Amino acid sequence: MTLTDHNPHRMRFTPFDPLPGGELCEGAGGRLWLEALSPQARGTVKSPFGRARAYARTAAVTHLVIEPGIIRCWINETTGITPAPRTYVPQPNPTIHIPVLDHGQWRDLTVITRHLTDRLVRMPAEDVLQELVVAGARNGLRLLPALGQCRASCGCSSRSAWCKHAATALIQVARCLDAMPLVLLLLRGRPPVDFFAGLQDPDHPSLQHHDHRHAPLPPVTSAHIAFHDGEQATRPPLPPIVSSPDQPVVPGVRGFADHSLAGLASDTARRAHSLLRTLTEGVTTARPTDIFAEAEPGGGSPVSPQLPQIPLQQRLRELQEATGMTKAELAQAVRDWGLNG
């Protein structure tokens, strides 16, 4: 028997030699397995293992796969027989389903065996399995399944709940547990690597469980009600407005005189300050022309601020030199700016 496929969630063993005479298994892991499945498995013909004993000794098991909660076995019954040409001979492929431990049971088993971590690392694998089985049984956790918990299916013509092929698969699992006892942890739902990592690290991801299937669903709300609630919700206040700068400091720009650029920056700052103050006071319906106006200190009608006394032709000439635009292009830009508000 050779382990040909070993990953955290599947182990594949192949091939299997015929069973030797005498016992069905040789190690402690296999004996624990068979005794838990059927206490009468040793020495009686009435048990499924007793009826399959003779068949299991010579059955050509090609390979066996163990996954969480599933045992799959392939048996070749045409060994040494030459089938007739063009004749299909179905091969038995028994599959056994075993319930896995849920997340809470694995967490409990980890907690009750965590104090044994230092001992377990120095023990053989079959003794480790026995320690885990005993510790779980003391706390109501059955790591080894009973025969009544297993469901078998096979393509053979047998009407028995446990045909000889399914019983042979269970016997071959016992042989696997002789070689690798901790495969039982994988069969019951958790890779051995994850289980022992959880013993050493209480925050290991394998111990964290988030079942989204049982999460409460959000309440169903129509779009109309959600929009109305959003409109009526209290909005947080805007931050306080800083005082408008009297004469902002601007860097020198090629093509503009210093006093012209300072005047434009000061006018822009005052208009922005006026717009922020209008929004803060709760005025939501403001005309586009009001945005560029500043309220009088006495509360009168808005008036446009006065720019420095610079001739209009000089301003246009400076803008042309700074932007590289013609008079027509500059006039179109001014019109577009006014339309956009």
# chains A, B, ... in the order shown; residues from 1 in each chain; ligands from 1
$ select_by_dssp --residues "segment 32-240 of chain A" --states "strand (DSSP E or B)" --output "count of residues only"
21
$ closest_atom_pairs --of "segment 165-213 of chain A" --to "segment 98-106 of chain A" --cutoff "9 Å" --atoms "only C-alpha atoms" --output "Markdown table"
| residue | atom | partner | partner_atom | distance |
| --- | --- | --- | --- | --- |
| A:Leu187 | CA | A:Val100 | CA | 7.3 |
| A:Arg188 | CA | A:Val100 | CA | 4.4 |
| A:Gly189 | CA | A:Val100 | CA | 4.9 |
| A:Arg190 | CA | A:Trp106 | CA | 8.1 |
| A:Phe195 | CA | A:Trp106 | CA | 8.2 |
| A:Leu207 | CA | A:His103 | CA | 7.8 |
| A:Gln208 | CA | A:His103 | CA | 8.8 |
| A:His209 | CA | A:His103 | CA | 7.1 |
$ closest_residue --among "A:Gly140, A:Pro94, A:Pro202, A:Pro311" --to "Ser157 of chain A" --atoms "only C-alpha atoms"
A:Pro94
$ residues_around --residues "Leu147 of chain A" --least-positions-apart "3" --cutoff "8 Å" --atoms "only C-alpha atoms" --output "list in words"
Ala36, Leu37, Ser38 and Cys150 of chain A
$ closest_atom_pairs --of "segment 67-147 of chain A" --to "segment 57-61 of chain A" --cutoff "12 Å" --atoms "only C-alpha atoms" --output "JSON lines"
{"residue": "A:Arg72", "atom": "CA", "partner": "A:Val61", "partner_atom": "CA", "distance": 10.9}
{"residue": "A:Cys73", "atom": "CA", "partner": "A:Val61", "partner_atom": "CA", "distance": 7.2}
{"residue": "A:Trp74", "atom": "CA", "partner": "A:Val61", "partner_atom": "CA", "distance": 5.8}
{"residue": "A:Ile75", "atom": "CA", "partner": "A:Val61", "partner_atom": "CA", "distance": 4.4}
{"residue": "A:Asn76", "atom": "CA", "partner": "A:Ala60", "partner_atom": "CA", "distance": 5.4}
{"residue": "A:Glu77", "atom": "CA", "partner": "A:Ala60", "partner_atom": "CA", "distance": 6.7}
{"residue": "A:Thr78", "atom": "CA", "partner": "A:Ala60", "partner_atom": "CA", "distance": 8.8}
{"residue": "A:Thr79", "atom": "CA", "partner": "A:Ala60", "partner_atom": "CA", "distance": 7.2}
{"residue": "A:Gly80", "atom": "CA", "partner": "A:Ala60", "partner_atom": "CA", "distance": 10.4}
{"residue": "A:Gln91", "atom": "CA", "partner": "A:Val61", "partner_atom": "CA", "distance": 10.8}
{"residue": "A:Pro92", "atom": "CA", "partner": "A:Val61", "partner_atom": "CA", "distance": 10.0}
{"residue": "A:Asn93", "atom": "CA", "partner": "A:Val61", "partner_atom": "CA", "distance": 9.9}
{"residue": "A:Pro94", "atom": "CA", "partner": "A:Val61", "partner_atom": "CA", "distance": 11.0}
$ residues_around --residues "Pro15 of chain A" --least-positions-apart "4" --cutoff "9 Å" --atoms "only C-alpha atoms" --output "list in words"
Met1, Thr2, Leu3, Ala60, Val61, Thr62, His63 and Leu64 of chain A
$ select_by_dssp --residues "segment 62-116 of chain A" --states "helix (DSSP H, G or I)" --output "PyMOL selection string"
chain A and resi 103-116
$ atom_distance --atom1 "atom CA of Ala28 of chain A" --atom2 "atom CA of Leu170 of chain A"
15.4 Å
